[in-house]
Amino acid sequence: MLLAIPFFGWAQATSSAGDVGEGIGAVADSAASAALEVKQEQKEEGEEEEEEAVSEVLLSKDYSSPKKYVISDITISGVKYYNSDQIINISGFSRGDTITIPSDQISQAIKKFWANGMFSNVKLSAAKVVGDKMVLDIYLEERSRILSYDIKGVKKGEKEDLQGTLHIRRGSEYSEHLKSACIDIIKRFYYEKGNRNVEVGATVTPDTSIGNGVRVVFEVNKNSKVRVAEIEFEGNSQVSDAKLRGAMKEVHRRRWYTFWRSTKYIEKKLDEDRQHILDYYNEKGYRDAAILSDSMWTINSKRVGLKFTVYEGKKYYFRNISWVGNTRYPSEALGNILRLRKGDVYDMVALDKNLRTDETNSVSTLYMDDGYLFFDVQPTEVRIDGDSVDLEIRIREGKQATINNIFIQGNTKTNEHVIRREIWTRPGDLFSKTQIIRSVRELAQMGHFDPEKLEPKLNPNQADETVDITYIVEEKPNDQIELSGGWGAGMFVGTIGLKLTNFSMGNIFNKDAWKPLPSGDNQTLTIRGQTNGSYYKAISLGFTEPWFGGRKPQSLSVSLYYTNQNNSVYFYQTGDMSMSVLGASVGLGQRLKWPDNYFTLYNSVDYQQYRLNNWTGQFIFTDGISNNFSVKTVLGRNSTDQPIYPRRGSELSIGLQITPPYSLFNGLSYTDPNLTDKEKYRWIEYHKWSFRLTWFNQIAGDFVFALKTQFGYLGYFNKDLGYSPFEGFDVGGDGLGGYNLYGIETVGLRGYKNSSLTPISNGVQIANVYDKFTVELRYPFILSPQSTIYGLVFFEAGNAWSDMKSFNPFSVKRSAGAGVRLMLPMIGLLGIDWGYGFDKISGATSPSGSNIHFIIGLPF
């Protein structure tokens with residue numbers, strides 16, 4: 001009878017995914033060194049000869065007598081979910097093939113199965129050998145498939161971040177190595193958050209929906225975060241522990257008075273602070289400073305201490321500084337930019353900054369703005385004499401590079417020509433580092449892209465002295481839909497609005513462009529309506545084209561608006577009082593080239609018609625029609641790096657709004673007691689001045705210092721006529737009136753109630769002069785396209801006066817407080833502030849005290 005021969009020159013291995021490489025090597029070596037020794041089974045005496053001889057294959061290291069076999073058939077065993085044809089195709093063998101034993105044919109087949117990644121066990125054996133014919137059996141065990149997985153014990157946001165990191169897909173192969181690797185990834189994720197005591201386990205259970213399916217659940221116990229309680233230094237005699245701790249920007253000691261600082265122990269952050277310590281020493285002239293060792297000791301399960309052993313060395317000074325290789329600029333000019341002189345402390349950080357890293361005023365920027373992309377500078381210490389260092393700055397200027405191609409990548413909504421017109425680099429121009437930085441700033445100011453991910457990518461070609469520039473952008477939602485209700489001015493006001501910031505008016509009749517609205521041309525369309533029923537109704541429509549005509553950065557703005565108020569309370573009429581305002585405005589803005597190209601000039605023509613019917617208490621006349629025709633000019637400058645969370649730059653606005661001086665030529669005598677208010681204010685006249693300045697500075701990390709000041713004055717042409725009944729100021733509170741009231745400019749001052757700083761004159765509460773000063777310290781919690789959240793603390797002061805004679809810029813009402821801002825793309829900016837007013841308001845016996853303010857939009 002025929003016997004099944006168990007194994008020939010066989011190789012068997014079981015391993016996890018991480019052991020695949022090792023397994024392949026071991027299996028291949030085993031298979032390659034195997035030989036088949038065929039022993040003919042002898043026929044017993046008296047037995048009949050079988051139709052076929054039965055052969056037995058044994059494992060042998062003998063390469064001296066290789067034998068050839070013809071594969072008569074191939075059988076598949078062990079697998080449950082793969083068909084035979086698939087497996088045979090992977091092996092590379094076919095019926096009728098001739099194989100030599102020993103040879104690398106077996107090892108190559110085994111490598112193919114391991115490389116496939118679907119199997120946990122591979123075994124090749126001879127099921128039957130008759131003469132030179134063989135039945136080859138391929139035995140495989142399949143890996144389990146992950147049908148689902150979950151992470152428990154973590155927050156929703158953390159789970160989403162981990163899922164993006166683990167990259168486990170439904171149907172992927174499960175192995176012990178995969179489980180261990182995922183556990184390590186999860187642990188590292190929490191290590192970087194300060195959870196050094198995190199515990200991670202995994203439970204694997206069969207999923208009965210598929211035979212070899214499993215469900216994996218990772219259980220995370222974050223435990224308490226490990227924080228740094230002490231930071232000590234040894235070996236420092238010239239620099240105190242406090243100063244070295246202050247040089248550490250990422251890891252800090254836990255103290256109650258440094259509650260805003262991170263005290264979590266994160267190894268990655270500690271690596272950065274090691275360099276910060278050395279940078280501090282280098283700034284002070286200690287060029288030989290080094291950290292000899294550092295260690296951590298455990299205080300308890302939640303606290304650790306850090307100790308650094310440093311070597312300070314001696315303090316050095318610059319002596320002679322010379323320049324070599326510079327032909328484009330003289331040494332004197334380069335020395336002025338370097339700003340380091342003989343006798344100065346040997347500040348290696350300032351040296352690197354002034355040579356390379358300062359984006360606005362460095363030797364590198366000077367050359368790169370002139371096309372020298374391949375420029376290189378190397379400061380070399382040529383002599384050290386005592387505590388003095390002679391420095392030779394070696395320059396390799398290279399050739400000037402020309403911009404070849406400009407590419408835009410990542411824009412899915414904004415049209416490419418709209419992006420290109422905001423870019424300051426052009427094909428054929430000499431390369432300029434400053435122009436690239438300016439281009440990134442302009443793209444960020446558009447508001448359509450994530451400013452944290454704007455990236456210019458350079459592809460230089462030194463052979464032909466050209467460079468390709470790719471601007472990589474990531475679109476973010478920027479349109480806003482407003483559907484809200486709020487309480488203001490003693491009433492509930494409902495608001496519905498739509499603000500499209502990337503609209504395309506040119507495609508409004510193109511049905512293919514409605515996805516869902518025509519967009520991509522950076523135009524702004526605003527529609528807004530407000531009402532509380534019958535007391536107050538308002539509607540406004542605005543449109544802005546930032547590149548009117550398409551050839552120059554010249555904006556066109558058009559707006560229409562209408563409001564109506566009466567003294568009814570919701571739907572109950574209580575008397576015949578009403579006021580309505582109908583207005584329109586057309587403006588043109590342009591970018592200037594002088595004093596620099598951050599300046600803009602905006603001019604507009606505005607008209608409002610006020611209709612008052614027995615409207616008392618708010619304006620200095622109560623009945624009649626008043627017309628306001630004015631011309632406005634605003635000189636502005638904006639150099640901030642981005643609109644939502646600016647870190648550097650400034651905003652300046654100087655404005656004048658003026659009407660014709662009707663009183664000089666209309667023939668009316670304003671001293672005539674018989675002149676009615678209707679006649680006196682039929683055409684109002686005034687000149688209105690405004691000044692606003694904001695300055696941002698990034699002081700440490702993402703901490704931003706903001707300084708703001710503003711001033712407003714409403715003047716008149718004729719002292720007998722006096723101030724205009726409209727266009728005055730209302731100061732105090734959050735700056736929100738709850739509704740739009742044209743004719744009054746609302747100015748917020750936190751820590752005081754709305755309108756509480758506005759003086760009352762002749763029974764009317766209105767200010768004609770005001771000033772305001774603000775200092776803010778900001779820090780972001782989240783900076784992402786989906787939302788921007790930052791906190792702030794502020795100090796504020798300001799006041800309002802009825803006329804210029806009583807104006808005193810130092811007689812201000814002071815306040816301080818803190819707040820939070822939340823920027824949501826579809827809603828806009830929301831905020832809440834708590835402010836404490838330190839001073840008394842008019843008529844009060846005590847300071848204003850604590851007040852809560854709500855912020856909507858971008859107030860100054």
# chains A, B, ... in the order shown; residues from 1 in each chain; ligands from 1
>>> select_by_dssp(residues="range 326-457 of chain A", states="alpha helix (DSSP H)", output="PyMOL selection string")
chain A and resi 331-338+348-352+363-368+416-420+433-446
>>> select_by_dssp(residues="range 368-426 of chain A", states="strand (DSSP E or B)", output="PyMOL selection string")
chain A and resi 376-385+388-396+402-409
>>> closest_residue(among="A:Ile186, A:Met296, A:Ala333, A:Ile644", to="Pro451 in chain A", atoms="only C-alpha atoms")
A:Ile644
>>> closest_residue(among="A:Glu776, A:Asp288, A:Glu651, A:Glu332", to="Phe705 in chain A", atoms="only C-alpha atoms")
A:Glu776
>>> residues_around(residues="Gln786 in chain A", least_positions_apart="3", cutoff="9 Å", atoms="only C-alpha atoms", output="list in words")
Lys476, Pro477, Leu783, Met823, Leu824 and Pro825 of chain A
>>> write_last_selection(atoms="N, CA, C and O atoms", output="PDB file, in the first residue's frame")
ATOM      1  N   LYS A 476      -9.352  76.135   4.259  1.00  0.00           N
ATOM      2  CA  LYS A 476     -10.124  76.001   5.494  1.00  0.00           C
ATOM      3  C   LYS A 476     -11.467  76.697   5.296  1.00  0.00           C
ATOM      4  O   LYS A 476     -11.589  77.633   4.493  1.00  0.00           O
ATOM      5  N   PRO A 477     -12.516  76.239   5.975  1.00  0.00           N
ATOM      6  CA  PRO A 477     -13.818  76.907   5.842  1.00  0.00           C
ATOM      7  C   PRO A 477     -13.749  78.321   6.383  1.00  0.00           C
ATOM      8  O   PRO A 477     -13.191  78.557   7.447  1.00  0.00           O
ATOM      9  N   LEU A 783      -4.997  76.032  17.691  1.00  0.00           N
ATOM     10  CA  LEU A 783      -4.829  76.731  16.423  1.00  0.00           C
ATOM     11  C   LEU A 783      -5.029  75.705  15.313  1.00  0.00           C
ATOM     12  O   LEU A 783      -4.124  74.952  14.976  1.00  0.00           O
ATOM     13  N   MET A 823     -12.838  81.163  17.708  1.00  0.00           N
ATOM     14  CA  MET A 823     -13.093  81.447  16.305  1.00  0.00           C
ATOM     15  C   MET A 823     -13.579  80.180  15.625  1.00  0.00           C
ATOM     16  O   MET A 823     -12.844  79.195  15.507  1.00  0.00           O
ATOM     17  N   LEU A 824     -14.846  80.186  15.191  1.00  0.00           N
ATOM     18  CA  LEU A 824     -15.425  79.065  14.452  1.00  0.00           C
ATOM     19  C   LEU A 824     -15.682  79.527  13.028  1.00  0.00           C
ATOM     20  O   LEU A 824     -16.310  80.578  12.817  1.00  0.00           O
ATOM     21  N   PRO A 825     -15.223  78.776  12.029  1.00  0.00           N
ATOM     22  CA  PRO A 825     -15.319  79.243  10.643  1.00  0.00           C
ATOM     23  C   PRO A 825     -16.728  79.629  10.209  1.00  0.00           C
ATOM     24  O   PRO A 825     -16.922  80.610   9.511  1.00  0.00           O
TER      25      PRO A 825
END
>>> atom_distance(atom1="CA of Lys719 in chain A", atom2="CA of Leu757 in chain A")
25.0 Å
>>> residues_around(residues="range 657-664 of chain A", least_positions_apart="4", cutoff="10 Å", atoms="only C-alpha atoms", output="VMD selection string")
chain A and resid 603 to 606 628 to 634 668 to 670 680 683 to 690 714 to 718 720 to 721 727
>>> residues_around(residues="Tyr536 in chain A", least_positions_apart="3", cutoff="7 Å", atoms="only C-alpha atoms", output="PyMOL selection string")
chain A and resi 531-533+564-566
>>> write_last_selection(atoms="all heavy atoms", output="CSV table (one decimal), in the first residue's frame")
chain,number,residue,atom,x,y,z
A,531,THR,N,-34.2,91.5,13.8
A,531,THR,CA,-35.5,92.0,14.3
A,531,THR,C,-35.8,91.5,15.7
A,531,THR,O,-35.3,90.5,16.1
A,531,THR,CB,-36.6,91.6,13.3
A,531,THR,OG1,-37.9,92.2,13.7
A,531,THR,CG2,-36.8,90.1,13.3
A,532,ASN,N,-36.7,92.2,16.4
A,532,ASN,CA,-37.2,91.7,17.6
A,532,ASN,C,-38.7,91.7,17.6
A,532,ASN,O,-39.4,91.6,18.6
A,532,ASN,CB,-36.7,92.5,18.8
A,532,ASN,CG,-37.6,93.8,19.1
A,532,ASN,OD1,-38.0,94.4,18.1
A,532,ASN,ND2,-37.9,94.1,20.3
A,533,GLY,N,-39.3,91.8,16.4
A,533,GLY,CA,-40.7,91.8,16.3
A,533,GLY,C,-41.1,93.1,15.6
A,533,GLY,O,-40.7,93.4,14.4
A,564,ASN,N,-35.3,100.3,11.1
A,564,ASN,CA,-36.5,101.0,11.5
A,564,ASN,C,-36.7,100.7,13.0
A,564,ASN,O,-36.6,99.5,13.4
A,564,ASN,CB,-37.7,100.6,10.7
A,564,ASN,CG,-38.9,101.3,11.1
A,564,ASN,OD1,-39.7,100.7,12.0
A,564,ASN,ND2,-39.2,102.4,10.5
A,565,GLN,N,-37.0,101.7,13.8
A,565,GLN,CA,-37.3,101.5,15.2
A,565,GLN,C,-38.5,102.3,15.5
A,565,GLN,O,-38.8,103.4,14.9
A,565,GLN,CB,-36.1,102.0,16.1
A,565,GLN,CG,-34.8,101.2,15.9
A,565,GLN,CD,-33.7,101.9,16.7
A,565,GLN,OE1,-32.8,102.5,16.1
A,565,GLN,NE2,-33.8,101.8,18.0
A,566,ASN,N,-39.3,101.8,16.5
A,566,ASN,CA,-40.3,102.6,17.1
A,566,ASN,C,-40.4,102.2,18.6
A,566,ASN,O,-39.6,101.5,19.1
A,566,ASN,CB,-41.7,102.3,16.4
A,566,ASN,CG,-42.0,100.9,16.3
A,566,ASN,OD1,-42.1,100.2,17.4
A,566,ASN,ND2,-42.2,100.3,15.1
>>> closest_residue(among="A:Gln523, A:Asn282, A:Ser107, A:Asn197", to="Leu124 in chain A", atoms="only C-alpha atoms")
A:Ser107
>>> residues_around(residues="Asn195 in chain A", least_positions_apart="4", cutoff="7 Å", atoms="only C-alpha atoms", output="PDB file with all heavy atoms, in the first residue's frame")
ATOM      1  N   TYR A 190       1.071  59.162  24.965  1.00  0.00           N
ATOM      2  CA  TYR A 190       0.794  59.758  26.275  1.00  0.00           C
ATOM      3  C   TYR A 190       2.061  60.176  27.000  1.00  0.00           C
ATOM      4  O   TYR A 190       2.025  61.087  27.845  1.00  0.00           O
ATOM      5  CB  TYR A 190      -0.059  58.805  27.114  1.00  0.00           C
ATOM      6  CG  TYR A 190      -1.495  58.805  26.658  1.00  0.00           C
ATOM      7  CD1 TYR A 190      -2.004  57.764  25.892  1.00  0.00           C
ATOM      8  CD2 TYR A 190      -2.318  59.886  26.947  1.00  0.00           C
ATOM      9  CE1 TYR A 190      -3.315  57.781  25.443  1.00  0.00           C
ATOM     10  CE2 TYR A 190      -3.630  59.916  26.502  1.00  0.00           C
ATOM     11  CZ  TYR A 190      -4.125  58.865  25.756  1.00  0.00           C
ATOM     12  OH  TYR A 190      -5.414  58.908  25.303  1.00  0.00           O
ATOM     13  N   TYR A 191       3.193  59.545  26.692  1.00  0.00           N
ATOM     14  CA  TYR A 191       4.461  60.029  27.240  1.00  0.00           C
ATOM     15  C   TYR A 191       4.661  61.497  26.839  1.00  0.00           C
ATOM     16  O   TYR A 191       5.110  62.318  27.641  1.00  0.00           O
ATOM     17  CB  TYR A 191       5.631  59.196  26.725  1.00  0.00           C
ATOM     18  CG  TYR A 191       5.766  57.824  27.355  1.00  0.00           C
ATOM     19  CD1 TYR A 191       6.630  56.881  26.815  1.00  0.00           C
ATOM     20  CD2 TYR A 191       5.026  57.474  28.486  1.00  0.00           C
ATOM     21  CE1 TYR A 191       6.765  55.617  27.388  1.00  0.00           C
ATOM     22  CE2 TYR A 191       5.150  56.225  29.053  1.00  0.00           C
ATOM     23  CZ  TYR A 191       6.010  55.299  28.501  1.00  0.00           C
ATOM     24  OH  TYR A 191       6.119  54.056  29.062  1.00  0.00           O
ATOM     25  N   LYS A 222      -4.553  56.228  31.950  1.00  0.00           N
ATOM     26  CA  LYS A 222      -3.540  57.280  31.844  1.00  0.00           C
ATOM     27  C   LYS A 222      -2.844  57.572  33.165  1.00  0.00           C
ATOM     28  O   LYS A 222      -1.691  58.023  33.169  1.00  0.00           O
ATOM     29  CB  LYS A 222      -4.201  58.553  31.306  1.00  0.00           C
ATOM     30  CG  LYS A 222      -4.687  58.419  29.869  1.00  0.00           C
ATOM     31  CD  LYS A 222      -5.200  59.716  29.315  1.00  0.00           C
ATOM     32  CE  LYS A 222      -6.563  60.050  29.841  1.00  0.00           C
ATOM     33  NZ  LYS A 222      -7.145  61.240  29.176  1.00  0.00           N
ATOM     34  N   ASN A 223      -3.519  57.339  34.264  1.00  0.00           N
ATOM     35  CA  ASN A 223      -2.987  57.661  35.591  1.00  0.00           C
ATOM     36  C   ASN A 223      -2.628  59.149  35.671  1.00  0.00           C
ATOM     37  O   ASN A 223      -2.894  59.931  34.757  1.00  0.00           O
ATOM     38  CB  ASN A 223      -1.783  56.771  35.932  1.00  0.00           C
ATOM     39  CG  ASN A 223      -2.193  55.318  36.080  1.00  0.00           C
ATOM     40  OD1 ASN A 223      -3.195  55.001  36.712  1.00  0.00           O
ATOM     41  ND2 ASN A 223      -1.419  54.417  35.472  1.00  0.00           N
ATOM     42  N   SER A 224      -2.017  59.548  36.718  1.00  0.00           N
ATOM     43  CA  SER A 224      -1.681  60.961  36.907  1.00  0.00           C
ATOM     44  C   SER A 224      -0.468  61.342  36.064  1.00  0.00           C
ATOM     45  O   SER A 224       0.448  60.530  35.860  1.00  0.00           O
ATOM     46  CB  SER A 224      -1.386  61.246  38.378  1.00  0.00           C
ATOM     47  OG  SER A 224      -2.513  60.960  39.182  1.00  0.00           O
ATOM     48  N   LYS A 225      -0.467  62.583  35.602  1.00  0.00           N
ATOM     49  CA  LYS A 225       0.682  63.077  34.859  1.00  0.00           C
ATOM     50  C   LYS A 225       1.864  63.279  35.791  1.00  0.00           C
ATOM     51  O   LYS A 225       1.701  63.618  36.961  1.00  0.00           O
ATOM     52  CB  LYS A 225       0.342  64.391  34.157  1.00  0.00           C
ATOM     53  CG  LYS A 225      -0.654  64.234  33.019  1.00  0.00           C
ATOM     54  CD  LYS A 225      -0.897  65.546  32.313  1.00  0.00           C
ATOM     55  CE  LYS A 225      -1.846  65.344  31.140  1.00  0.00           C
ATOM     56  NZ  LYS A 225      -2.108  66.600  30.402  1.00  0.00           N
ATOM     57  N   VAL A 226       3.037  63.044  35.253  1.00  0.00           N
ATOM     58  CA  VAL A 226       4.267  63.253  36.019  1.00  0.00           C
ATOM     59  C   VAL A 226       4.749  64.674  35.763  1.00  0.00           C
ATOM     60  O   VAL A 226       4.932  65.077  34.613  1.00  0.00           O
ATOM     61  CB  VAL A 226       5.346  62.233  35.617  1.00  0.00           C
ATOM     62  CG1 VAL A 226       6.650  62.533  36.337  1.00  0.00           C
ATOM     63  CG2 VAL A 226       4.865  60.819  35.912  1.00  0.00           C
TER      64      VAL A 226
END
>>> residues_around(residues="Gly164 in chain A", least_positions_apart="5", cutoff="12 Å", atoms="only C-alpha atoms", output="list in words")
Gly157, Glu158, Lys159, Arg169, Cys182, Ile185, Ile186 and Phe189 of chain A
